[in-house]
$ cat target.txt   # compact mmCIF, C-alpha atoms
# COMPACT_ATOMS: atom_id res chain seq x y z
CA MET A 1 -12.07 12.76 -11.38
CA SER A 2 -9.68 10.58 -9.48
CA ALA A 3 -10.93 9.35 -6.13
CA LEU A 4 -7.58 10.35 -4.75
CA ALA A 5 -7.64 13.95 -5.93
CA THR A 6 -6.26 16.34 -3.37
CA ASN A 7 -7.24 19.60 -1.65
CA ALA A 8 -10.79 20.63 -0.84
CA GLY A 9 -12.54 19.02 -3.77
CA GLY A 10 -10.59 15.86 -3.29
CA LEU A 11 -11.33 15.83 0.42
CA ARG A 12 -15.05 16.18 -0.21
CA CYS A 13 -14.76 13.41 -2.76
CA ARG A 14 -12.85 11.29 -0.30
CA LEU A 15 -15.35 11.91 2.47
CA THR A 16 -18.23 10.90 0.23
CA THR A 17 -16.34 7.97 -1.19
CA GLY A 18 -15.22 6.89 2.24
CA VAL A 19 -18.71 6.94 3.66
CA ILE A 20 -20.27 5.05 0.76
CA ALA A 21 -17.47 2.55 0.36
CA THR A 22 -17.25 1.96 4.09
CA LEU A 23 -20.98 1.39 4.27
CA VAL A 24 -20.70 -1.23 1.53
CA PHE A 25 -17.62 -2.73 3.15
CA VAL A 26 -19.20 -2.97 6.62
CA LEU A 27 -22.51 -4.29 5.32
CA LEU A 28 -20.69 -6.95 3.32
CA GLY A 29 -18.45 -8.06 6.11
CA GLY A 30 -16.31 -5.41 7.77
CA CYS A 31 -12.89 -5.57 9.40
CA GLY A 32 -11.36 -8.54 11.11
CA SER A 33 -8.94 -8.31 13.96
CA LYS A 34 -6.50 -11.19 13.94
CA GLY A 35 -3.67 -12.35 11.75
CA LEU A 36 -1.78 -15.51 10.98
CA ASP A 37 -2.48 -17.70 14.00
CA ASP A 38 -4.73 -20.59 14.97
CA SER A 39 -7.84 -18.65 14.05
CA ASP A 40 -6.67 -18.75 10.41
CA ASN A 41 -7.33 -22.47 10.33
CA ARG A 42 -11.06 -22.10 10.50
CA VAL A 43 -13.55 -20.57 8.12
CA ASP A 44 -14.58 -17.07 9.18
CA ALA A 45 -17.90 -15.46 8.46
CA VAL A 46 -15.94 -12.49 7.11
CA PRO A 47 -13.04 -13.95 5.14
CA TYR A 48 -10.99 -10.77 4.76
CA MET A 49 -9.60 -8.11 7.06
CA ILE A 50 -7.46 -5.00 7.21
CA PRO A 51 -4.29 -5.63 9.23
CA ALA A 52 -3.22 -3.12 11.84
CA GLU A 53 -0.41 -1.50 9.88
CA GLY A 54 -0.52 0.00 6.42
CA VAL A 55 2.81 0.26 4.62
CA GLU A 56 2.89 3.15 2.15
CA ALA A 57 4.37 2.06 -1.17
CA ARG A 58 4.95 3.31 -4.69
CA GLU A 59 3.91 0.23 -6.60
CA ARG A 60 4.89 -0.89 -10.08
CA TYR A 61 1.27 -0.58 -11.17
CA HIS A 62 -1.64 1.61 -10.24
CA PHE A 63 -4.71 0.67 -12.26
CA SER A 64 -7.58 2.83 -13.38
CA SER A 65 -9.46 0.04 -15.17
CA LEU A 66 -10.07 -3.69 -15.11
CA GLN A 67 -8.61 -3.93 -18.61
CA GLU A 68 -5.26 -2.59 -17.41
CA MET A 69 -5.29 -5.08 -14.54
CA VAL A 70 -6.02 -8.02 -16.84
CA ARG A 71 -3.32 -6.91 -19.28
CA ALA A 72 -0.66 -6.73 -16.55
CA SER A 73 -1.56 -10.18 -15.14
CA GLU A 74 -0.03 -13.51 -16.14
CA LEU A 75 -2.76 -15.47 -14.41
CA VAL A 76 -6.36 -14.46 -13.66
CA ILE A 77 -8.35 -16.95 -11.59
CA ILE A 78 -11.42 -17.37 -9.50
CA GLY A 79 -10.51 -19.35 -6.41
CA SER A 80 -11.00 -19.94 -2.73
CA VAL A 81 -8.42 -19.75 0.04
CA ALA A 82 -8.05 -23.25 1.50
CA ALA A 83 -5.10 -22.59 3.82
CA VAL A 84 -2.98 -19.72 5.15
CA GLU A 85 0.58 -20.60 6.08
CA THR A 86 3.86 -18.89 6.80
CA GLY A 87 5.67 -18.00 3.59
CA PRO A 88 9.25 -16.91 2.87
CA THR A 89 10.98 -14.37 5.12
CA LEU A 90 12.65 -11.46 3.34
CA GLY A 91 14.69 -8.45 4.40
CA GLY A 92 16.84 -8.52 7.50
CA GLY A 93 20.30 -7.06 8.07
CA GLU A 94 21.29 -4.53 5.42
CA ALA A 95 17.93 -5.07 3.68
CA GLY A 96 16.06 -3.59 6.63
CA PRO A 97 13.54 -5.10 9.03
CA ALA A 98 12.80 -8.76 8.30
CA PHE A 99 9.26 -9.57 7.22
CA THR A 100 7.44 -12.78 6.49
CA LEU A 101 4.96 -13.30 3.68
CA ARG A 102 1.61 -15.03 4.10
CA ALA A 103 1.28 -18.03 1.79
CA LEU A 104 -2.27 -18.67 0.68
CA THR A 105 -3.23 -22.00 -0.84
CA VAL A 106 -5.90 -21.13 -3.38
CA ASN A 107 -8.09 -23.83 -4.86
CA VAL A 108 -8.78 -22.80 -8.44
CA GLU A 109 -12.40 -22.75 -9.55
CA ALA A 110 -11.89 -21.19 -12.97
CA VAL A 111 -8.99 -19.80 -15.00
CA LEU A 112 -9.77 -16.68 -16.99
CA LYS A 113 -6.21 -16.09 -18.19
CA GLY A 114 -3.18 -18.39 -18.02
CA ALA A 115 -2.69 -22.15 -17.54
CA ALA A 116 -6.17 -23.62 -17.92
CA ASP A 117 -5.46 -26.90 -16.08
CA LEU A 118 -4.40 -25.28 -12.82
CA LYS A 119 -6.10 -26.87 -9.79
CA SER A 120 -4.34 -25.12 -6.95
CA VAL A 121 -1.87 -22.26 -6.65
CA THR A 122 0.18 -20.67 -3.88
CA VAL A 123 -0.30 -16.92 -3.66
CA VAL A 124 1.87 -14.87 -1.30
CA GLU A 125 0.93 -11.55 0.18
CA GLU A 126 2.54 -9.17 2.68
CA GLY A 127 3.06 -9.58 5.52
CA ILE A 128 4.17 -9.80 9.13
CA PHE A 129 7.15 -7.89 10.48
CA GLU A 130 9.63 -9.53 12.78
CA GLY A 131 8.04 -9.03 16.18
CA GLY A 132 4.56 -9.79 14.93
CA ASN A 133 3.24 -6.51 13.49
CA GLU A 134 0.80 -7.37 10.71
CA TYR A 135 0.65 -5.12 7.66
CA SER A 136 -0.54 -4.78 4.12
CA ILE A 137 0.59 -2.63 1.22
CA ASN A 138 -1.27 0.67 1.01
CA HIS A 139 -3.84 -0.43 3.60
CA SER A 140 -5.32 -3.15 1.38
CA LEU A 141 -7.11 -6.26 2.66
CA TRP A 142 -5.80 -9.61 3.81
CA ALA A 143 -7.51 -12.83 2.74
CA LYS A 144 -8.52 -15.42 5.30
CA ILE A 145 -9.47 -19.06 4.95
CA GLY A 146 -12.71 -19.44 3.03
CA ALA A 147 -12.24 -16.23 1.05
CA ARG A 148 -13.47 -16.58 -2.53
CA ALA A 149 -12.02 -14.03 -4.90
CA LEU A 150 -11.03 -13.02 -8.39
CA PHE A 151 -7.21 -12.90 -8.33
CA PHE A 152 -4.93 -11.04 -10.77
CA LEU A 153 -1.50 -12.64 -10.42
CA VAL A 154 2.12 -12.56 -11.58
CA LYS A 155 5.06 -14.85 -10.81
CA LEU A 156 7.37 -13.27 -8.26
CA VAL A 157 10.63 -14.49 -9.74
CA ALA A 158 12.87 -12.83 -7.14
CA VAL A 159 11.06 -14.49 -4.21
CA PRO A 160 12.25 -17.94 -3.06
CA GLY A 161 10.09 -20.63 -4.66
CA GLN A 162 8.84 -18.14 -7.27
CA PRO A 163 5.27 -18.09 -5.97
CA TYR A 164 2.48 -16.06 -7.48
CA GLY A 165 1.62 -12.70 -5.98
CA LEU A 166 -1.03 -10.07 -6.63
CA VAL A 167 -0.06 -7.73 -9.47
CA ASN A 168 -0.53 -4.85 -7.02
CA SER A 169 -2.56 -3.99 -3.94
CA GLN A 170 -5.70 -3.47 -6.06
CA ALA A 171 -5.47 -6.85 -7.79
CA ARG A 172 -8.07 -8.92 -6.00
CA PHE A 173 -11.82 -8.68 -5.68
CA PHE A 174 -13.46 -10.69 -2.92
CA LEU A 175 -16.69 -12.41 -3.89
CA HIS A 176 -18.62 -12.42 -0.65
CA ASN A 177 -22.34 -13.03 -0.19
CA ASP A 178 -22.64 -12.76 -3.98
CA ARG A 179 -21.27 -9.21 -3.86
CA VAL A 180 -17.92 -7.71 -4.85
CA VAL A 181 -15.52 -6.29 -2.25
CA PRO A 182 -12.42 -4.57 -3.71
CA ASN A 183 -9.01 -5.36 -2.20
CA SER A 184 -8.10 -1.67 -1.93
CA HIS A 185 -8.83 0.21 1.28
CA PRO A 186 -12.39 1.59 1.12
CA ASP A 187 -11.03 5.14 1.19
CA ARG A 188 -8.58 4.61 -1.68
CA LEU A 189 -10.80 3.24 -4.42
CA GLU A 190 -10.35 4.32 -8.02
CA PRO A 191 -13.61 5.10 -9.83
CA PHE A 192 -13.79 1.65 -11.45
CA GLU A 193 -13.36 0.03 -8.03
CA GLN A 194 -16.02 2.30 -6.53
CA ARG A 195 -18.37 1.23 -9.29
CA LEU A 196 -17.68 -2.46 -8.69
CA ALA A 197 -17.86 -2.28 -4.88
CA GLY A 198 -21.09 -3.98 -3.87
CA ALA A 199 -21.91 -4.99 -7.44
CA GLY A 200 -23.06 -8.51 -8.22
CA VAL A 201 -20.42 -11.17 -8.78
CA ASN A 202 -21.69 -11.87 -12.31
CA GLU A 203 -21.25 -8.21 -13.23
CA LEU A 204 -17.57 -8.31 -12.21
CA LEU A 205 -16.89 -11.62 -13.92
CA GLY A 206 -18.62 -10.42 -17.08
CA GLU A 207 -16.45 -7.31 -17.17
CA ALA A 208 -13.31 -9.32 -16.47
CA ARG A 209 -14.08 -11.76 -19.30
CA ASN A 210 -14.77 -8.86 -21.65
CA ALA A 211 -11.40 -7.40 -20.72
CA LEU A 212 -9.48 -10.53 -21.77
CA MET B 213 -30.32 -3.01 13.21
CA ALA B 214 -29.59 -1.96 9.65
CA VAL B 215 -29.92 1.68 10.64
CA VAL B 216 -27.44 1.23 13.47
CA ILE B 217 -24.96 -0.50 11.16
CA ALA B 218 -25.37 2.25 8.58
CA MET B 219 -24.78 4.94 11.22
CA MET B 220 -21.68 3.13 12.49
CA ALA B 221 -20.41 2.73 8.97
CA THR B 222 -20.96 6.41 8.25
CA ILE B 223 -19.12 7.45 11.38
CA ALA B 224 -16.31 5.02 10.58
CA GLY B 225 -16.10 6.36 7.04
CA VAL B 226 -15.78 9.94 8.20
CA ALA B 227 -13.23 8.94 10.82
CA TRP B 228 -11.08 7.15 8.27
CA SER B 229 -11.30 10.01 5.84
CA THR B 230 -10.58 12.80 8.25
CA SER B 231 -7.91 11.21 10.40
CA ALA B 232 -5.90 8.75 8.40
CA PHE B 233 -6.29 9.97 4.87
CA ALA B 234 -7.57 13.54 4.90
CA SER B 235 -5.72 15.72 2.41
CA ASN B 236 -2.18 14.35 2.36
CA ASP B 237 -1.88 13.83 6.08
CA ALA B 238 -1.04 10.16 6.56
CA GLY B 239 -2.25 10.24 10.16
CA HIS B 240 1.18 9.81 11.70
CA ARG B 241 4.13 12.09 12.24
CA LEU B 242 7.43 12.37 14.03
CA PRO B 243 7.32 13.25 17.73
CA ASN B 244 9.39 16.38 17.07
CA ALA B 245 11.29 18.27 14.36
CA ASN B 246 14.59 16.52 14.96
CA VAL B 247 14.64 13.83 12.30
CA THR B 248 17.73 11.65 12.10
CA VAL B 249 18.09 9.78 8.82
CA ASN B 250 20.35 6.73 8.74
CA LEU B 251 21.49 5.51 5.30
CA VAL B 252 22.35 1.82 5.65
CA SER B 253 24.76 0.41 3.05
CA LEU B 254 22.90 2.04 0.19
CA THR B 255 23.94 1.81 -3.43
CA GLY B 256 25.33 5.05 -4.82
CA THR B 257 22.06 5.90 -6.58
CA PHE B 258 19.91 5.90 -3.47
CA ASP B 259 22.64 7.27 -1.22
CA THR B 260 22.84 10.31 -3.50
CA ALA B 261 19.08 10.57 -3.88
CA SER B 262 18.33 10.27 -0.16
CA SER B 263 21.06 12.74 0.75
CA PHE B 264 19.65 15.16 -1.81
CA VAL B 265 16.15 14.95 -0.35
CA VAL B 266 17.34 15.41 3.23
CA ASN B 267 19.69 18.30 2.44
CA SER B 268 17.72 20.09 -0.28
CA ARG B 269 14.08 19.29 0.43
CA LEU B 270 13.61 18.56 4.15
CA SER B 271 16.25 20.95 5.52
CA PRO B 272 14.60 24.10 4.11
CA THR B 273 11.38 23.29 6.01
CA ASP B 274 10.84 23.66 9.76
CA LEU B 275 12.25 20.15 10.22
CA ASN B 276 15.75 19.78 11.63
CA PRO B 277 17.18 16.76 9.79
CA THR B 278 20.58 15.14 10.32
CA LEU B 279 22.16 12.50 8.09
CA TYR B 280 24.00 9.44 9.35
CA TRP B 281 25.60 6.53 7.52
CA ASN B 282 25.52 2.95 8.80
CA SER B 283 24.76 4.10 12.30
CA SER B 284 22.68 2.52 15.05
CA THR B 285 18.90 2.84 14.64
CA LYS B 286 17.78 6.39 14.00
CA THR B 287 14.40 8.04 13.45
CA VAL B 288 14.32 6.99 9.80
CA ASN B 289 16.43 4.09 8.51
CA VAL B 290 16.92 3.72 4.77
CA TYR B 291 17.77 0.48 2.96
CA ASP B 292 17.88 -0.90 -0.58
CA ALA B 293 17.84 -4.52 -1.75
CA ASN B 294 16.25 -6.92 -4.22
CA TYR B 295 12.83 -7.45 -2.68
CA GLY B 296 10.91 -8.25 -5.88
CA LEU B 297 7.39 -7.84 -4.52
CA GLY B 298 5.95 -5.38 -7.01
CA TRP B 299 6.78 -2.09 -5.35
CA TYR B 300 9.64 0.29 -6.06
CA GLY B 301 9.81 1.82 -2.62
CA ARG B 302 7.95 1.73 0.63
CA TRP B 303 7.81 3.28 4.07
CA SER B 304 6.81 1.45 7.23
CA CYS B 305 6.54 2.52 10.84
CA THR B 306 8.52 0.23 13.14
CA ASN B 307 7.73 1.92 16.46
CA ARG B 308 4.39 3.68 16.72
CA VAL B 309 3.04 5.46 19.78
CA GLY B 310 -0.40 6.92 19.19
CA ILE B 311 -0.26 9.20 16.16
CA TYR B 312 3.53 9.41 16.42
CA CYS B 313 5.96 7.19 14.61
CA ASN B 314 9.18 7.16 16.63
CA THR B 315 11.19 5.04 14.19
CA SER B 316 10.51 3.95 10.65
CA SER B 317 12.07 2.26 7.66
CA VAL B 318 12.33 3.24 4.02
CA GLN B 319 13.15 0.44 1.58
CA PHE B 320 14.01 0.82 -2.09
CA ASP B 321 13.68 -2.17 -4.40
CA LEU B 322 16.57 -2.78 -6.77
CA SER B 323 15.12 -5.84 -8.52
CA SER B 324 13.28 -4.25 -11.44
CA PRO B 325 13.58 -0.47 -11.76
CA PRO B 326 11.44 1.36 -14.30
CA GLY B 327 13.12 1.10 -17.68
CA GLY B 328 15.85 -1.21 -16.37
CA SER B 329 17.62 1.23 -14.05
CA TYR B 330 16.76 4.22 -11.89
CA SER B 331 17.74 7.55 -13.39
CA ASP B 332 18.92 10.22 -10.95
CA THR B 333 15.56 11.96 -11.19
CA GLU B 334 13.62 8.73 -10.66
CA ALA B 335 15.68 7.83 -7.59
CA LYS B 336 15.22 11.33 -6.17
CA SER B 337 11.50 11.20 -6.87
CA LEU B 338 11.18 7.87 -5.05
CA ALA B 339 13.34 9.02 -2.12
CA CYS B 340 11.32 12.25 -1.94
CA GLU B 341 8.04 10.30 -1.68
CA GLU B 342 9.21 7.70 0.84
CA LEU B 343 11.02 10.23 3.05
CA GLY B 344 7.89 12.38 2.78
CA HIS B 345 5.91 9.51 4.28
CA SER B 346 8.48 9.29 7.07
CA VAL B 347 7.62 12.82 8.22
CA GLY B 348 3.85 12.24 7.99
CA LEU B 349 2.81 13.03 4.42
CA ASP B 350 0.28 10.87 2.61
CA HIS B 351 0.05 10.42 -1.15
CA ASN B 352 -0.96 13.60 -2.97
CA TYR B 353 -2.11 12.19 -6.31
CA GLY B 354 -3.82 15.38 -7.46
CA SER B 355 -0.67 17.50 -7.32
CA TYR B 356 1.19 18.43 -10.49
CA THR B 357 4.31 19.47 -8.60
CA SER B 358 4.70 17.19 -5.58
CA CYS B 359 6.69 13.97 -5.48
CA MET B 360 3.91 12.67 -3.22
CA SER B 361 1.84 12.39 -6.41
CA GLY B 362 3.86 9.32 -7.41
CA SER B 363 5.14 11.01 -10.57
CA TRP B 364 8.67 9.99 -11.53
CA LEU B 365 9.29 13.54 -12.75
CA ARG B 366 8.65 15.29 -9.42
CA ILE B 367 11.43 15.73 -6.88
CA ASP B 368 9.88 18.50 -4.75
CA TYR B 369 7.32 18.87 -2.01
CA ASP B 370 4.69 21.38 -3.02
CA TYR B 371 3.33 24.38 -1.11
CA HIS B 372 0.56 22.26 0.35
CA ASP B 373 3.00 19.61 1.63
CA VAL B 374 5.31 22.14 3.27
CA TYR B 375 3.12 24.98 4.46
CA GLN B 376 -0.10 23.16 5.25
CA HIS B 377 1.49 20.06 6.74
CA ILE B 378 5.21 19.89 7.56
CA ASN B 379 5.59 23.42 8.91
CA VAL B 380 2.29 23.17 10.77
CA TRP B 381 3.24 19.92 12.46
CA TYR B 382 6.84 20.86 13.33
$ encode --input "target.txt" --output "structure tokens"
Amino acid sequence: MSALATNAGGLRCRLTTGVIATLVFVLLGGCGSKGLDDSDNRVDAVPYMIPAEGVEARERYHFSSLQEMVRASELVIIGSVAAVETGPTLGGGEAGPAFTLRALTVNVEAVLKGAADLKSVTVVEEGIFEGGNEYSINHSLWAKIGARALFFLVKLVAVPGQPYGLVNSQARFFLHNDRVVPNSHPDRLEPFEQRLAGAGVNELLGEARNAL
Amino acid sequence: MAVVIAMMATIAGVAWSTSAFASNDAGHRLPNANVTVNLVSLTGTFDTASSFVVNSRLSPTDLNPTLYWNSSTKTVNVYDANYGLGWYGRWSCTNRVGIYCNTSSVQFDLSSPPGGSYSDTEAKSLACEELGHSVGLDHNYGSYTSCMSGSWLRIDYDYHDVYQHINVWY
């Protein structure tokens, strides 16, 4: 059954899922509280956070397995966030409220799919609205400096500089304290993400390699 | 200490589930039933689709929607452009006060539609979902009939959306 099933059964499922996933999430690190400012230039004990605003989106992909995620990705890497900087600004005028992307410099530790000689890659993620409101797509997590993660990436050819971006809001698993933390909001996990939440890093990497 | 953390986590989990994401209540709504929808320089596809949703899907509910074109900021402001970030459409609150969202934005991405271009039904489905968010609905993935399920084939709000949420709130 989908974790996002609706009505009474779905609500019970969500309540249970929310409690378990939140417990794992909090025990492994919990929420942060600040965005792209001076505090992003130091290593945090908890290198991920949920920004204040969640933007609801119908995304190009919604995955129900790691295999689907691998298949949709051009580049799959294990890496660590070395810097968080201001990325391109999009929108504005007739395109709606302007928003600025976060540009993560990710030092590549291993390439599972894609260019094997990659040492470093810029990964953009949303975002900060004009005026400073910080948001993510579908209430997913933000990465902070020091975050180590398994990234599933595609080239964003319509974005200036054609940086890499996550395939969708599910497409990153933080590897924190040797445990897996999904990028999706703890209350919106698909069954495969629920299963991987709190699992050992080697279990995730093994599954990802098997999915190649 | 571990027990305290576990209790806090449990409480937090229930709070998230029952306030923000319970059923298909997104945890925000308009301050009243008068929703003004401003279509800003839209392409014909999304102008037609958004007008359809406002006139044929929101109007029959207890909401009191009014359409504007290229006006000053209204309750919901609708745009389309080439964003290219991996989503087809999105809704964001631009002025939130407590549980109420006073003004919000809907944005449709034109850069890579499913199958190369949006069909009329696909555009209506997307407009239905994003405008549904603007009045407080969350995703409703389990529904076979609601556009809030994310299905490209659905251009309606279902009984649950209308009679257990919209008409209760407004």
$ atom_distance --input "target.txt" --atom1 "CA of Met69 in chain A" --atom2 "CA of Ala171 in chain A"
7.0 Å
$ closest_atom_pairs --input "target.txt" --of "range 103-180 of chain A" --to "range 91-94 of chain A" --cutoff "12 Å" --atoms "all atoms listed in the file" --output "Markdown table"
| residue | atom | partner | partner_atom | distance |
| --- | --- | --- | --- | --- |
| A:Gly127 | CA | A:Gly91 | CA | 11.7 |
| A:Ile128 | CA | A:Gly91 | CA | 11.6 |
| A:Phe129 | CA | A:Gly91 | CA | 9.7 |
| A:Glu130 | CA | A:Gly92 | CA | 9.0 |
| A:Val159 | CA | A:Gly91 | CA | 11.1 |
$ closest_residue --input "target.txt" --among "A:Gly54, A:Gly206, A:Gly96, A:Gly87" --to "Val288 in chain B" --atoms "all atoms listed in the file"
A:Gly96
$ closest_residue --input "target.txt" --among "B:Ser304, B:Ser323, B:Thr333, B:Ser346" --to "Ser363 in chain B" --atoms "all atoms listed in the file"
B:Thr333
$ closest_residue --input "target.txt" --among "B:Ser262, B:Thr257, B:Thr248, B:Thr285" --to "chain A" --atoms "all atoms listed in the file"
B:Thr285
$ atom_distance --input "target.txt" --atom1 "CA of Gln376 in chain B" --atom2 "CA of Leu343 in chain B"
17.2 Å
$ atom_distance --input "target.txt" --atom1 "CA of Val309 in chain B" --atom2 "CA of Thr273 in chain B"
24.0 Å
$ residues_around --input "target.txt" --residues "range 277-281 of chain B" --least-positions-apart "6" --cutoff "6 Å" --atoms "all atoms listed in the file" --output "MDAnalysis selection string"
chainID B and resid 246:251
$ closest_residue --input "target.txt" --among "A:Glu109, A:Asp178, A:Glu193, A:Glu59" --to "chain B" --atoms "only C-alpha atoms"
A:Glu59
$ closest_residue --input "target.txt" --among "B:Phe320, B:Glu334, B:Gly298, B:Ser355" --to "Ala72 in chain A" --atoms "only C-alpha atoms"
B:Gly298
$ closest_residue --input "target.txt" --among "A:Ala45, A:Ala158, A:Ala82, A:Ala116" --to "chain B" --atoms "all atoms listed in the file"
A:Ala158
$ residues_around --input "target.txt" --residues "Gly161 in chain A" --least-positions-apart "6" --cutoff "10 Å" --atoms "only C-alpha atoms" --output "PyMOL selection string"
chain A and resi 87-88+122+155
$ decode --input "target.txt" --residues "range 316-324 of chain B" --atoms "all heavy atoms" --output "short mmCIF file (atom, residue, chain, number, x, y, z; two decimals), in the first residue's frame"
data_model
loop_
_atom_site.label_atom_id
_atom_site.label_comp_id
_atom_site.auth_asym_id
_atom_site.auth_seq_id
_atom_site.Cartn_x
_atom_site.Cartn_y
_atom_site.Cartn_z
N SER B 316 -0.87 33.69 -2.94
CA SER B 316 -0.02 32.58 -3.36
C SER B 316 0.22 32.64 -4.86
O SER B 316 -0.42 33.42 -5.58
CB SER B 316 -0.67 31.24 -2.98
OG SER B 316 -1.86 31.03 -3.69
N SER B 317 1.15 31.81 -5.30
CA SER B 317 1.50 31.75 -6.71
C SER B 317 1.39 30.32 -7.23
O SER B 317 1.78 29.38 -6.55
CB SER B 317 2.95 32.20 -6.92
OG SER B 317 3.09 33.55 -6.59
N VAL B 318 0.88 30.22 -8.43
CA VAL B 318 0.89 28.95 -9.17
C VAL B 318 1.80 29.17 -10.38
O VAL B 318 1.68 30.20 -11.06
CB VAL B 318 -0.52 28.55 -9.61
CG1 VAL B 318 -0.47 27.44 -10.64
CG2 VAL B 318 -1.36 28.15 -8.41
N GLN B 319 2.71 28.24 -10.60
CA GLN B 319 3.62 28.37 -11.76
C GLN B 319 3.60 27.07 -12.56
O GLN B 319 3.76 25.98 -11.99
CB GLN B 319 5.04 28.67 -11.26
CG GLN B 319 5.16 30.06 -10.64
CD GLN B 319 6.43 30.25 -9.83
OE1 GLN B 319 6.64 29.58 -8.83
NE2 GLN B 319 7.28 31.15 -10.28
N PHE B 320 3.41 27.21 -13.87
CA PHE B 320 3.42 26.06 -14.77
C PHE B 320 4.71 26.11 -15.58
O PHE B 320 5.05 27.16 -16.14
CB PHE B 320 2.22 26.09 -15.71
CG PHE B 320 0.89 26.08 -15.02
CD1 PHE B 320 0.02 27.16 -15.11
CD2 PHE B 320 0.49 24.99 -14.24
CE1 PHE B 320 -1.21 27.16 -14.47
CE2 PHE B 320 -0.73 24.98 -13.58
CZ PHE B 320 -1.58 26.07 -13.70
N ASP B 321 5.37 24.97 -15.68
CA ASP B 321 6.63 24.92 -16.44
C ASP B 321 6.35 24.55 -17.89
O ASP B 321 5.66 23.57 -18.17
CB ASP B 321 7.56 23.88 -15.81
CG ASP B 321 8.89 23.83 -16.56
OD1 ASP B 321 9.43 24.90 -16.85
OD2 ASP B 321 9.36 22.72 -16.87
N LEU B 322 6.90 25.33 -18.80
CA LEU B 322 6.70 25.09 -20.22
C LEU B 322 7.88 24.38 -20.87
O LEU B 322 7.85 24.07 -22.06
CB LEU B 322 6.47 26.43 -20.94
CG LEU B 322 5.31 27.29 -20.44
CD1 LEU B 322 5.32 28.65 -21.14
CD2 LEU B 322 3.98 26.58 -20.67
N SER B 323 8.94 24.11 -20.09
CA SER B 323 10.21 23.68 -20.71
C SER B 323 10.17 22.24 -21.23
O SER B 323 10.77 21.96 -22.25
CB SER B 323 11.36 23.84 -19.73
OG SER B 323 11.27 22.94 -18.66
N SER B 324 9.52 21.35 -20.56
CA SER B 324 9.49 19.97 -21.06
C SER B 324 8.21 19.26 -20.63
O SER B 324 8.20 18.48 -19.68
CB SER B 324 10.71 19.17 -20.57
OG SER B 324 10.85 19.28 -19.18
#
